[in-house]
$ cat upload-v4.cif   # mmCIF, C-alpha atoms
data_input
loop_
_atom_site.label_atom_id
_atom_site.label_comp_id
_atom_site.auth_asym_id
_atom_site.auth_seq_id
_atom_site.Cartn_x
_atom_site.Cartn_y
_atom_site.Cartn_z
CA MET P 116 33.85 3.39 26.72
CA GLU P 117 34.99 1.89 23.46
CA THR P 118 34.01 4.06 20.49
CA GLU P 119 33.39 3.00 16.89
CA LYS P 120 32.56 5.17 13.88
CA VAL P 121 30.15 3.96 11.20
CA LYS P 122 28.30 5.54 8.30
CA VAL P 123 24.83 4.08 8.92
CA LEU P 124 23.60 2.51 12.14
CA ILE P 125 20.31 0.60 12.25
CA ILE P 126 18.80 0.10 15.71
CA GLY P 127 16.48 -2.91 15.77
CA SER P 128 15.66 -5.70 13.38
CA GLY P 129 12.34 -7.06 12.14
CA PRO P 130 10.99 -6.43 8.63
CA ALA P 131 11.72 -2.69 8.86
CA GLY P 132 15.29 -2.94 10.13
CA TYR P 133 16.33 -5.78 7.86
CA THR P 134 14.78 -4.16 4.77
CA ALA P 135 16.55 -0.90 5.57
CA ALA P 136 19.76 -2.91 5.90
CA ILE P 137 19.26 -4.60 2.51
CA TYR P 138 18.78 -1.28 0.74
CA ALA P 139 21.53 0.51 2.64
CA SER P 140 24.07 -2.23 2.05
CA ARG P 141 23.23 -2.43 -1.66
CA ALA P 142 23.83 1.34 -1.80
CA GLY P 143 27.33 0.82 -0.42
CA LEU P 144 26.62 2.45 2.94
CA LYS P 145 28.06 -0.47 4.96
CA PRO P 146 25.31 -0.46 7.59
CA VAL P 147 25.75 -1.89 11.07
CA LEU P 148 22.56 -3.38 12.53
CA TYR P 149 22.01 -4.19 16.20
CA GLN P 150 19.20 -6.71 16.59
CA GLY P 151 17.92 -5.67 20.01
CA LEU P 152 16.52 -7.72 22.87
CA GLN P 153 14.19 -9.68 20.59
CA PRO P 154 15.75 -10.21 17.15
CA GLY P 155 12.97 -10.13 14.59
CA VAL P 156 10.66 -8.54 17.19
CA GLN P 157 7.02 -9.70 17.16
CA LEU P 158 7.38 -12.03 14.18
CA THR P 159 9.62 -14.28 16.25
CA ILE P 160 6.55 -15.25 18.29
CA THR P 161 4.33 -15.71 15.24
CA ASN P 162 3.99 -19.32 14.16
CA ASP P 163 2.48 -18.84 10.72
CA VAL P 164 2.69 -15.88 8.35
CA GLU P 165 0.43 -16.29 5.32
CA ASN P 166 -0.19 -12.71 4.21
CA TYR P 167 3.35 -11.63 3.25
CA PRO P 168 3.92 -11.56 -0.53
CA GLY P 169 6.40 -14.06 -1.90
CA TYR P 170 5.57 -16.93 0.44
CA PRO P 171 2.71 -18.72 -1.38
CA ASP P 172 2.69 -21.60 1.08
CA GLY P 173 3.15 -19.39 4.14
CA ILE P 174 6.12 -19.38 6.49
CA ASN P 175 6.68 -19.31 10.22
CA GLY P 176 7.77 -16.00 11.68
CA PRO P 177 11.22 -16.98 13.00
CA GLN P 178 12.19 -18.54 9.65
CA MET P 179 10.97 -15.47 7.80
CA MET P 180 13.15 -13.23 9.97
CA GLU P 181 16.12 -15.54 9.41
CA ASP P 182 15.56 -15.18 5.65
CA PHE P 183 15.51 -11.39 5.99
CA LYS P 184 18.71 -11.50 8.06
CA ARG P 185 20.55 -13.73 5.59
CA GLN P 186 19.58 -11.46 2.71
CA ALA P 187 20.85 -8.39 4.57
CA GLU P 188 24.12 -10.15 5.40
CA ARG P 189 24.51 -11.31 1.81
CA PHE P 190 24.87 -7.70 0.71
CA GLY P 191 27.31 -6.82 3.48
CA THR P 192 25.26 -5.73 6.48
CA ASP P 193 27.14 -6.18 9.75
CA VAL P 194 24.43 -7.78 11.91
CA ARG P 195 25.27 -7.81 15.60
CA TYR P 196 23.70 -8.86 18.87
CA GLY P 197 23.18 -5.98 21.28
CA THR P 198 20.67 -3.43 22.49
CA ALA P 199 20.75 0.36 22.28
CA THR P 200 20.58 1.63 25.85
CA ALA P 201 21.10 5.38 25.31
CA VAL P 202 21.36 7.92 22.51
CA ASP P 203 22.76 11.42 22.09
CA PHE P 204 21.44 13.24 19.04
CA SER P 205 22.49 16.70 20.24
CA SER P 206 25.56 16.89 17.99
CA LYS P 207 27.18 15.24 15.00
CA PRO P 208 28.03 12.47 14.61
CA HIS P 209 25.05 10.94 16.38
CA GLN P 210 25.96 8.73 19.31
CA VAL P 211 24.25 5.50 20.32
CA THR P 212 25.34 3.49 23.35
CA ILE P 213 25.12 -0.29 23.04
CA ASP P 214 24.58 -2.39 26.19
CA ASP P 215 26.00 0.46 28.32
CA GLN P 216 29.46 -0.61 27.13
CA LYS P 217 30.16 0.76 23.66
CA VAL P 218 29.44 4.02 21.83
CA ILE P 219 28.69 3.96 18.11
CA GLU P 220 29.17 7.27 16.30
CA ALA P 221 27.05 7.29 13.15
CA GLU P 222 26.53 9.81 10.37
CA ALA P 223 22.97 8.49 9.93
CA VAL P 224 20.79 6.50 12.33
CA ILE P 225 17.75 4.45 11.36
CA ASN P 226 15.44 3.56 14.25
CA SER P 227 13.43 0.36 13.78
CA THR P 228 12.93 -0.67 17.40
CA GLY P 229 9.31 -1.68 16.86
CA ALA P 230 6.43 -1.80 19.32
CA SER P 231 5.49 -4.39 21.90
CA ALA P 232 1.97 -5.66 22.39
CA LYS P 233 0.48 -5.18 25.85
CA TRP P 234 -0.52 -8.47 27.46
CA LEU P 235 -2.75 -9.50 30.33
CA GLY P 236 0.10 -11.17 32.21
CA LEU P 237 -1.42 -14.64 32.55
CA ASP P 238 0.88 -17.67 32.60
CA SER P 239 -1.43 -19.47 30.18
CA GLU P 240 -1.32 -16.46 27.85
CA ALA P 241 2.46 -16.72 27.58
CA ARG P 242 2.41 -20.51 27.29
CA LEU P 243 -0.14 -20.52 24.46
CA ASN P 244 1.21 -17.48 22.64
CA GLY P 245 1.34 -18.48 18.98
CA SER P 246 -0.82 -21.53 19.68
CA GLY P 247 -4.18 -19.81 19.73
CA VAL P 248 -3.20 -16.64 21.58
CA SER P 249 -2.48 -13.65 19.37
CA ALA P 250 -2.19 -9.86 19.52
CA CYS P 251 -3.02 -9.34 15.84
CA ALA P 252 -6.39 -10.29 14.40
CA VAL P 253 -5.41 -9.20 10.89
CA CYS P 254 -2.34 -11.45 11.06
CA ASP P 255 -3.96 -14.56 12.54
CA GLY P 256 -7.73 -14.28 12.17
CA PHE P 257 -7.72 -16.36 9.00
CA PHE P 258 -6.74 -19.48 10.96
CA TYR P 259 -10.03 -19.38 12.89
CA ARG P 260 -12.43 -19.19 9.99
CA GLY P 261 -15.78 -20.65 11.02
CA GLN P 262 -14.75 -21.11 14.67
CA ASP P 263 -15.54 -19.33 17.93
CA VAL P 264 -12.99 -16.83 19.23
CA ALA P 265 -12.65 -14.29 22.03
CA ILE P 266 -11.05 -10.86 22.05
CA VAL P 267 -10.10 -8.69 25.03
CA GLY P 268 -10.29 -4.92 24.81
CA ALA P 269 -12.66 -1.97 24.71
CA GLY P 270 -10.95 0.66 22.57
CA ASP P 271 -11.04 1.42 18.86
CA THR P 272 -8.42 -1.22 18.07
CA ALA P 273 -10.39 -3.91 19.87
CA ALA P 274 -13.63 -2.86 18.19
CA GLU P 275 -12.00 -2.81 14.77
CA GLU P 276 -10.38 -6.21 15.26
CA ALA P 277 -13.63 -7.68 16.64
CA THR P 278 -15.53 -6.65 13.51
CA TYR P 279 -12.69 -7.98 11.35
CA LEU P 280 -12.84 -11.33 13.15
CA ALA P 281 -16.62 -11.39 12.82
CA ASN P 282 -16.21 -11.66 9.04
CA LEU P 283 -14.18 -14.83 9.51
CA ALA P 284 -15.25 -16.53 12.72
CA ASN P 285 -18.52 -18.17 13.62
CA LYS P 286 -18.82 -16.11 16.79
CA VAL P 287 -16.74 -13.46 18.53
CA TYR P 288 -16.91 -12.95 22.28
CA MET P 289 -15.73 -9.44 23.16
CA ILE P 290 -14.50 -9.27 26.75
CA VAL P 291 -14.95 -5.81 28.27
CA ARG P 292 -13.85 -5.05 31.82
CA ARG P 293 -16.40 -2.33 32.53
CA ASP P 294 -20.02 -1.66 31.62
CA GLU P 295 -18.98 0.63 28.78
CA MET P 296 -16.43 0.77 25.97
CA ARG P 297 -13.71 3.35 25.36
CA ALA P 298 -14.07 3.05 21.60
CA SER P 299 -15.42 5.93 19.54
CA THR P 300 -19.17 6.07 19.02
CA ILE P 301 -19.00 4.95 15.41
CA MET P 302 -16.85 1.93 16.28
CA GLN P 303 -19.17 0.95 19.12
CA GLU P 304 -22.11 1.13 16.75
CA ARG P 305 -20.38 -1.17 14.30
CA VAL P 306 -19.73 -3.72 17.03
CA LEU P 307 -23.29 -3.55 18.36
CA LYS P 308 -24.75 -4.00 14.88
CA THR P 309 -22.62 -7.05 14.09
CA ARG P 310 -24.85 -10.04 14.73
CA ASN P 311 -22.15 -12.57 15.64
CA ILE P 312 -20.34 -10.40 18.20
CA GLU P 313 -21.43 -10.91 21.79
CA ILE P 314 -20.14 -8.33 24.27
CA LEU P 315 -19.44 -9.68 27.74
CA TRP P 316 -19.69 -6.61 29.97
CA ASN P 317 -18.05 -6.33 33.40
CA THR P 318 -15.89 -9.31 32.56
CA VAL P 319 -12.20 -10.16 32.91
CA THR P 320 -10.15 -13.15 31.82
CA ASP P 321 -9.37 -15.49 34.69
CA ASP P 322 -7.47 -18.05 32.63
CA ILE P 323 -6.99 -19.36 29.10
CA LEU P 324 -7.74 -23.06 28.82
CA GLY P 325 -5.89 -25.69 26.84
CA GLU P 326 -2.76 -27.76 27.13
CA HIS P 327 -1.11 -27.29 23.73
CA THR P 328 -3.60 -25.04 21.94
CA VAL P 329 -6.41 -22.76 23.08
CA GLU P 330 -9.56 -24.72 23.89
CA GLY P 331 -11.50 -22.18 25.92
CA VAL P 332 -11.38 -19.31 28.36
CA ARG P 333 -12.47 -18.95 31.97
CA LEU P 334 -14.12 -15.62 32.65
CA LYS P 335 -14.95 -13.75 35.83
CA ASN P 336 -17.74 -11.23 36.28
CA THR P 337 -16.39 -8.17 38.09
CA VAL P 338 -19.77 -7.42 39.69
CA THR P 339 -20.91 -10.84 40.90
CA ASN P 340 -17.48 -12.56 41.05
CA GLU P 341 -19.04 -15.52 39.29
CA THR P 342 -16.88 -17.50 36.86
CA ARG P 343 -17.81 -19.44 33.77
CA GLU P 344 -16.02 -21.15 30.91
CA ILE P 345 -16.69 -20.75 27.21
CA PRO P 346 -15.15 -22.87 24.43
CA VAL P 347 -13.07 -20.90 21.92
CA LYS P 348 -10.24 -21.80 19.56
CA GLY P 349 -8.63 -18.38 19.34
CA PHE P 350 -7.92 -15.75 21.98
CA PHE P 351 -6.97 -12.24 20.83
CA VAL P 352 -5.53 -9.52 23.05
CA ALA P 353 -6.27 -5.99 21.85
CA ILE P 354 -5.43 -3.78 24.80
CA GLY P 355 -2.83 -1.72 22.97
CA HIS P 356 0.80 -1.56 21.94
CA LYS P 357 3.74 0.28 23.44
CA PRO P 358 6.30 1.64 20.98
CA ASN P 359 9.88 0.92 22.00
CA SER P 360 10.86 4.57 21.97
CA ASP P 361 11.83 5.37 25.57
CA ILE P 362 15.49 6.00 24.79
CA PHE P 363 14.58 8.66 22.20
CA VAL P 364 12.30 10.77 24.38
CA ASP P 365 14.87 13.53 25.03
CA TYR P 366 15.62 14.07 21.35
CA LEU P 367 12.86 12.91 19.02
CA ASN P 368 9.35 14.24 18.86
CA LEU P 369 6.89 11.57 19.96
CA ASP P 370 3.11 11.59 19.82
CA GLU P 371 0.91 11.21 22.89
CA ASN P 372 1.28 7.43 22.76
CA GLY P 373 5.05 7.40 22.35
CA TYR P 374 5.26 6.76 18.60
CA ILE P 375 8.04 8.63 16.80
CA ARG P 376 6.71 11.46 14.65
CA THR P 377 7.99 11.49 11.08
CA ILE P 378 7.46 14.04 8.32
CA PRO P 379 4.45 12.72 6.36
CA GLY P 380 5.50 10.72 3.34
CA THR P 381 9.04 10.23 4.64
CA SER P 382 10.96 8.50 7.41
CA LYS P 383 12.59 11.77 8.55
CA THR P 384 12.38 12.80 12.19
CA ASN P 385 12.92 16.24 13.70
CA ILE P 386 16.68 15.55 13.84
CA ASN P 387 18.62 15.67 10.58
CA GLY P 388 20.24 12.34 9.90
CA VAL P 389 17.91 10.38 12.18
CA PHE P 390 15.17 8.30 10.57
CA ALA P 391 12.39 6.04 11.88
CA CYS P 392 10.61 3.10 10.28
CA GLY P 393 8.37 0.19 11.21
CA ASP P 394 6.07 -0.10 14.18
CA VAL P 395 7.94 2.43 16.32
CA GLN P 396 6.43 5.13 14.10
CA ASP P 397 3.35 3.35 12.70
CA PHE P 398 0.34 3.28 15.02
CA THR P 399 -2.13 2.52 12.22
CA TYR P 400 -1.16 -0.56 10.21
CA ARG P 401 1.48 -2.54 12.17
CA GLN P 402 1.92 -5.16 9.43
CA ALA P 403 5.12 -6.85 8.30
CA VAL P 404 4.68 -5.67 4.73
CA THR P 405 4.12 -2.02 5.69
CA ALA P 406 7.07 -2.18 8.08
CA ALA P 407 9.28 -3.50 5.27
CA GLY P 408 8.10 -0.71 2.99
CA SER P 409 8.94 1.94 5.56
CA GLY P 410 12.36 0.33 6.05
CA CYS P 411 13.00 0.80 2.34
CA MET P 412 11.98 4.45 2.68
CA ALA P 413 14.34 4.97 5.62
CA ALA P 414 17.32 3.55 3.74
CA LEU P 415 16.59 5.69 0.67
CA ASP P 416 16.12 8.79 2.83
CA ALA P 417 19.39 8.07 4.63
CA GLU P 418 21.22 7.52 1.33
CA ARG P 419 19.98 10.83 -0.06
CA TYR P 420 20.81 12.63 3.18
CA LEU P 421 24.39 11.35 3.14
CA ALA P 422 24.81 12.07 -0.58
CA ALA P 423 23.75 15.68 -0.04
CA LEU P 424 26.37 16.29 2.63
CA GLU P 425 29.51 18.14 1.65
CA PRO P 426 32.62 16.14 2.63
CA GLU P 427 33.67 18.75 5.16
CA ASP P 428 30.21 18.77 6.65
CA ALA P 429 29.79 15.01 7.03
CA ILE P 430 30.58 15.23 10.75
CA GLU P 431 29.52 18.75 11.69
CA GLN P 432 26.17 20.22 10.71
CA ASN P 433 24.03 23.13 11.76
CA GLN P 434 22.13 21.90 14.83
CA ASP P 435 19.06 24.11 14.54
CA THR P 436 17.39 22.17 11.72
CA THR P 437 14.11 21.08 13.27
CA PRO P 438 11.51 20.93 10.48
CA SER P 439 8.22 22.74 10.91
CA PHE P 440 6.22 19.57 11.51
CA SER P 441 7.96 19.06 14.84
CA GLU P 442 5.63 21.19 16.91
CA LYS P 443 3.92 18.83 19.29
CA ALA P 444 0.17 18.44 19.00
#
$ encode --input "upload-v4.cif" --output "structure tokens"
Amino acid sequence: METEKVKVLIIGSGPAGYTAAIYASRAGLKPVLYQGLQPGVQLTITNDVENYPGYPDGINGPQMMEDFKRQAERFGTDVRYGTATAVDFSSKPHQVTIDDQKVIEAEAVINSTGASAKWLGLDSEARLNGSGVSACAVCDGFFYRGQDVAIVGAGDTAAEEATYLANLANKVYMIVRRDEMRASTIMQERVLKTRNIEILWNTVTDDILGEHTVEGVRLKNTVTNETREIPVKGFFVAIGHKPNSDIFVDYLNLDENGYIRTIPGTSKTNINGVFACGDVQDFTYRQAVTAAGSGCMAALDAERYLAALEPEDAIEQNQDTTPSFSEKA
């Protein structure tokens, strides 16, 4: 394979990756950024972003990511198309394979591969994604103020997002597949005490209705097999996220859900010179602004790591440097 040596390699784009690139390039680290399968990740399927500072009139997700990209390139980031398909963090320099065709050897690697929302798999869900269908109530709930919406899910995330939506929407239908929820007791109590949340037990989504925007949802009772339609303007999917961390499993410490573990208060992983930022390591907030902040942290951590290296040690380091936090829970 072709081999290329770089100082800083950023895997993935989005607010985290592009912010890391802006800071790294301004620090003179000449970062190379590979955008991944979905440049800009989840924001590229978000029509309107109104809660990111600096955009008083709001902005659509794809344009926002293009702005981030242009700013990174302005300071010298080498932004490329391509996907990391394998990594080898067992020695220095770190090796990352791109599209199974090229190996990048990097003194520091910043992982910002993000997380992907889990979907129901309906054709109408994909067709209306961004036009009433959303996987983030905090991001998009504002657009349905005073209207009726539905949310699918039964865990803590679904319960939390249902109560969040209840503060904005006229009514929230919570679609639960079984006759019980998986959410913690306290979260279930909050849902049950919220007057404008109606839980639809033993119910699955048969189809999302609407030609250009969501107009309703057809539901099916799993016990009686009966179907019915309810009018809603927003349809939220809260059945979980999957961090895009599969290629790191042999080297980086992941939590039980696949999120990369970082030393609290930093972007450092259990491998010296490898950092993580954005949704691939954040299972709590998953917002563009928090992702951008963590991207800044990763670039600063990488800069300090490289500055601390002795010239003769820039390529070869002691391998047994796993910090104490790395013990798996």
$ atom_distance --input "upload-v4.cif" --atom1 "CA of Val194 in chain P" --atom2 "CA of Arg401 in chain P"
23.5 Å
$ residues_around --input "upload-v4.cif" --residues "Arg293 in chain P" --least-positions-apart "2" --cutoff "10 Å" --atoms "all atoms listed in the file" --output "compact mmCIF listing (two decimals) with C-alpha atoms, keeping the file's coordinate frame"
# COMPACT_ATOMS: atom_id res chain seq x y z
CA ALA P 269 -12.66 -1.97 24.71
CA ILE P 290 -14.50 -9.27 26.75
CA VAL P 291 -14.95 -5.81 28.27
CA GLU P 295 -18.98 0.63 28.78
CA MET P 296 -16.43 0.77 25.97
CA ARG P 297 -13.71 3.35 25.36
CA LEU P 315 -19.44 -9.68 27.74
CA TRP P 316 -19.69 -6.61 29.97
CA ASN P 317 -18.05 -6.33 33.40
CA THR P 318 -15.89 -9.31 32.56
CA VAL P 319 -12.20 -10.16 32.91
CA ASN P 336 -17.74 -11.23 36.28
CA THR P 337 -16.39 -8.17 38.09
CA VAL P 338 -19.77 -7.42 39.69
$ closest_atom_pairs --input "upload-v4.cif" --of "range 224-310 of chain P" --to "range 404-422 of chain P" --cutoff "12 Å" --atoms "all atoms listed in the file" --output "Markdown table"
| residue | atom | partner | partner_atom | distance |
| --- | --- | --- | --- | --- |
| P:Val224 | CA | P:Ala417 | CA | 8.0 |
| P:Ile225 | CA | P:Ala413 | CA | 6.7 |
| P:Asn226 | CA | P:Ala413 | CA | 8.8 |
| P:Ser227 | CA | P:Gly410 | CA | 7.8 |
| P:Thr228 | CA | P:Ala406 | CA | 11.1 |
| P:Gly229 | CA | P:Ala406 | CA | 9.1 |
| P:Ala230 | CA | P:Ala406 | CA | 11.3 |
| P:Cys254 | CA | P:Val404 | CA | 11.1 |
$ write_last_selection --input "upload-v4.cif" --atoms "C-alpha atoms" --output "mmCIF file, in the frame of the given file"
data_model
loop_
_atom_site.group_PDB
_atom_site.id
_atom_site.type_symbol
_atom_site.label_atom_id
_atom_site.label_comp_id
_atom_site.auth_asym_id
_atom_site.auth_seq_id
_atom_site.Cartn_x
_atom_site.Cartn_y
_atom_site.Cartn_z
ATOM 1 C CA VAL P 224 20.790 6.500 12.330
ATOM 2 C CA ILE P 225 17.750 4.450 11.360
ATOM 3 C CA ASN P 226 15.440 3.560 14.250
ATOM 4 C CA SER P 227 13.430 0.360 13.780
ATOM 5 C CA THR P 228 12.930 -0.670 17.400
ATOM 6 C CA GLY P 229 9.310 -1.680 16.860
ATOM 7 C CA ALA P 230 6.430 -1.800 19.320
ATOM 8 C CA CYS P 254 -2.340 -11.450 11.060
#
$ resolve_selection --input "upload-v4.cif" --expression "the PyMOL selection byres ((chain P and resi 236) around 12)" --output "VMD selection string"
chain P and resid 232 to 235 237 to 242 244 320 to 323 352 354
$ residues_around --input "upload-v4.cif" --residues "Glu344 in chain P" --least-positions-apart "3" --cutoff "7 Å" --atoms "only C-alpha atoms" --output "short mmCIF file (atom, residue, chain, number, x, y, z; two decimals) with C-alpha atoms, in the coordinates of the input"
data_model
loop_
_atom_site.label_atom_id
_atom_site.label_comp_id
_atom_site.auth_asym_id
_atom_site.auth_seq_id
_atom_site.Cartn_x
_atom_site.Cartn_y
_atom_site.Cartn_z
CA GLY P 331 -11.50 -22.18 25.92
CA VAL P 332 -11.38 -19.31 28.36
CA ARG P 333 -12.47 -18.95 31.97
CA LEU P 334 -14.12 -15.62 32.65
#
